[in-house]
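What follows is one structure encoded as structure tokens, with my remarks underneath.
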Amino acid sequence: MSFEQFLFYFFSVVLVGAAVAMITVRNPVHAALFLVLAFFTSAAHWIMLEAEFLGILLVLVYVGAVMVLFLFVVMMLDINVARVREGFVRLLPVGLVVAVGMMVVMAMVVGARVFQVESPGRAEADYSNTKAIGELLYTEYVYPFEIAAVILLVAIIAAITLTLRRRPDSLYMDPAEQIKVQRKDRVRLIKMEAEKK
């Protein structure tokens, strides 16, 4: 076994372990951190496949921006974890059926002779995968790219809207009412008689 194969299997084991841990841990913040680990190991796979741009993009965009936004939303929403867990046992059979179906489909794809392709050769020294991705993205796939951008914009607006909901126990200040306040509303002078001893 070569060192490259060892790295591939090592990152694969870490990736599968992080993915399983992400869906089994109870704390949503821990789940987000396991997802960050899964993103890092996926980026390592991309770099090993000589797609450095995609690997760096995965770290910068998903780990650097999306996960920070996700953690922000998780912490701002203050999710009631006990209420979320109530439906776990009730929906477990459906989840198991979906998981088994996905495993069967994956086994069919991996085991089928139709989907087996030859390993690509090494790229030349002057090959730029960033240029190749850019040419393909902004010519053939420009409309799906724009649609994905609009969907992400809607998701960001929805996340912000969820965090701005009014809660009965939250304190709220009206700046207009603060400006209207006069000295007599804030300070009260009290005259007291001096005590005689």
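Identifiers for the structure tokens are assigned positionally: chains receive A, B, ... in sequence, residues are indexed from 1 per chain, and ligands are indexed from 1 in the order shown.
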Spatial neighbours of Ile133 of chain A, 12 Å, only C-alpha atoms, chain gap at least 5 places, as a PyMOL selection string: chain A and resi 51-54+127-128+138-142
Keeping all heavy atoms for every residue in the selection just given, could you write it to a file as a tab-separated table (two decimals), in the first residue's frame?
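Final output, saved to result_32.tsv:
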```tsv
chain	number	residue	atom	x	y	z
A	51	ALA	N	-7.67	18.51	-7.40
A	51	ALA	CA	-8.66	19.57	-7.57
A	51	ALA	C	-8.50	20.53	-6.39
A	51	ALA	O	-9.36	20.64	-5.53
A	51	ALA	CB	-10.06	19.01	-7.64
A	52	GLU	N	-7.35	21.23	-6.38
A	52	GLU	CA	-7.00	22.07	-5.24
A	52	GLU	C	-8.00	23.20	-5.04
A	52	GLU	O	-8.33	23.57	-3.91
A	52	GLU	CB	-5.59	22.65	-5.42
A	52	GLU	CG	-4.48	21.63	-5.47
A	52	GLU	CD	-4.25	21.08	-6.86
A	52	GLU	OE1	-4.87	21.60	-7.81
A	52	GLU	OE2	-3.47	20.13	-6.99
A	53	PHE	N	-8.48	23.76	-6.14
A	53	PHE	CA	-9.42	24.88	-6.03
A	53	PHE	C	-10.70	24.45	-5.30
A	53	PHE	O	-11.19	25.17	-4.43
A	53	PHE	CB	-9.75	25.41	-7.43
A	53	PHE	CG	-10.77	26.51	-7.43
A	53	PHE	CD1	-10.45	27.77	-6.99
A	53	PHE	CD2	-12.07	26.27	-7.86
A	53	PHE	CE1	-11.39	28.79	-6.97
A	53	PHE	CE2	-13.02	27.26	-7.85
A	53	PHE	CZ	-12.67	28.53	-7.40
A	54	LEU	N	-11.22	23.28	-5.66
A	54	LEU	CA	-12.43	22.80	-5.00
A	54	LEU	C	-12.19	22.49	-3.52
A	54	LEU	O	-13.05	22.74	-2.67
A	54	LEU	CB	-12.97	21.56	-5.71
A	54	LEU	CG	-13.53	21.80	-7.11
A	54	LEU	CD1	-13.95	20.48	-7.74
A	54	LEU	CD2	-14.71	22.75	-7.07
A	127	TYR	N	-1.64	22.64	-16.33
A	127	TYR	CA	-3.10	22.53	-16.30
A	127	TYR	C	-3.66	23.30	-15.11
A	127	TYR	O	-3.16	23.19	-14.00
A	127	TYR	CB	-3.51	21.06	-16.22
A	127	TYR	CG	-5.01	20.84	-16.13
A	127	TYR	CD1	-5.82	21.00	-17.24
A	127	TYR	CD2	-5.60	20.51	-14.92
A	127	TYR	CE1	-7.19	20.81	-17.16
A	127	TYR	CE2	-6.97	20.32	-14.83
A	127	TYR	CZ	-7.75	20.47	-15.95
A	127	TYR	OH	-9.10	20.29	-15.86
A	128	SER	N	-4.71	24.07	-15.34
A	128	SER	CA	-5.33	24.85	-14.27
A	128	SER	C	-6.78	24.38	-14.11
A	128	SER	O	-7.61	24.63	-14.98
A	128	SER	CB	-5.28	26.34	-14.60
A	128	SER	OG	-6.04	27.07	-13.68
A	138	TYR	N	-19.33	29.20	-16.11
A	138	TYR	CA	-19.89	30.44	-16.66
A	138	TYR	C	-20.29	30.34	-18.13
A	138	TYR	O	-20.61	31.34	-18.74
A	138	TYR	CB	-18.90	31.59	-16.46
A	138	TYR	CG	-18.76	31.96	-15.01
A	138	TYR	CD1	-17.58	31.69	-14.32
A	138	TYR	CD2	-19.81	32.54	-14.32
A	138	TYR	CE1	-17.45	32.01	-12.99
A	138	TYR	CE2	-19.68	32.86	-12.99
A	138	TYR	CZ	-18.50	32.60	-12.34
A	138	TYR	OH	-18.39	32.91	-11.00
A	139	THR	N	-20.25	29.15	-18.69
A	139	THR	CA	-20.75	28.96	-20.06
A	139	THR	C	-21.92	27.98	-20.06
A	139	THR	O	-23.07	28.36	-20.28
A	139	THR	CB	-19.62	28.44	-20.97
A	139	THR	OG1	-19.07	27.25	-20.41
A	139	THR	CG2	-18.54	29.48	-21.17
A	140	GLU	N	-21.64	26.74	-19.73
A	140	GLU	CA	-22.67	25.70	-19.83
A	140	GLU	C	-23.63	25.70	-18.64
A	140	GLU	O	-24.81	25.42	-18.79
A	140	GLU	CB	-21.98	24.33	-19.94
A	140	GLU	CG	-22.91	23.23	-20.35
A	140	GLU	CD	-22.16	21.93	-20.61
A	140	GLU	OE1	-20.95	21.97	-20.92
A	140	GLU	OE2	-22.80	20.88	-20.48
A	141	TYR	N	-23.12	26.04	-17.44
A	141	TYR	CA	-23.94	25.95	-16.23
A	141	TYR	C	-24.20	27.31	-15.60
A	141	TYR	O	-24.35	27.42	-14.39
A	141	TYR	CB	-23.25	25.05	-15.20
A	141	TYR	CG	-23.15	23.61	-15.64
A	141	TYR	CD1	-21.95	23.09	-16.11
A	141	TYR	CD2	-24.26	22.78	-15.63
A	141	TYR	CE1	-21.85	21.78	-16.52
A	141	TYR	CE2	-24.17	21.46	-16.04
A	141	TYR	CZ	-22.96	20.97	-16.49
A	141	TYR	OH	-22.87	19.67	-16.90
A	142	VAL	N	-24.31	28.37	-16.41
A	142	VAL	CA	-24.48	29.70	-15.85
A	142	VAL	C	-25.87	29.87	-15.22
A	142	VAL	O	-26.01	30.49	-14.15
A	142	VAL	CB	-24.20	30.79	-16.91
A	142	VAL	CG1	-25.25	30.80	-18.00
A	142	VAL	CG2	-24.09	32.16	-16.25
```
Members of chain A assigned alpha helix (DSSP H) by DSSP, as a PyMOL selection string: chain A and resi 3-24+28-48+52-57+67-77+81-85+88-111+129-137+142-163+175-180+183-186
Point-to-point distance in Å for atom CA of Met22 of chain A and atom CA of Leu35 of chain A: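 Between atom CA of Leu35 of chain A and atom CA of Met22 of chain A the gap works out to 6.1 Å.
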Coordinates-based distance that separates atom CA of Leu15 of chain A from atom CA of Leu137 of chain A (Å, one decimal): 27.3 Å
Surrounding residues of segment 67-70 of chain A excluding itself and chain neighbours under 3 positions, 9 Å, only C-alpha atoms, as a PyMOL selection string: chain A and resi 32-33+35-36+61-64+73-75+156+159
Spatial neighbours of Gly55 of chain A, max dist 7 Å, only C-alpha atoms, sep filter under 3 positions, as a PyMOL selection string: chain A and resi 43-44+46-47+51-52+58-59
Nearest to Asn129 of chain A, chosen from A:Val110, A:Leu49, A:Val20, A:Met102, with only C-alpha atoms counted in the distances: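 Comparing A:Val110, A:Leu49, A:Val20, A:Met102 against Asn129 of chain A, the winner is A:Leu49.
Considering only C-alpha atoms, the residue among A:Glu50, A:Ile190, A:Val104, A:Val29 positioned nearest to Ala123 of chain A is A:Glu50.
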Shortest interatomic distance to Ile56 of chain A - which of A:Thr163, A:Thr130, A:Gln5, A:Gly95, counting only C-alpha atoms: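 Closest to Ile56 of chain A, using only C-alpha atoms: A:Thr130.
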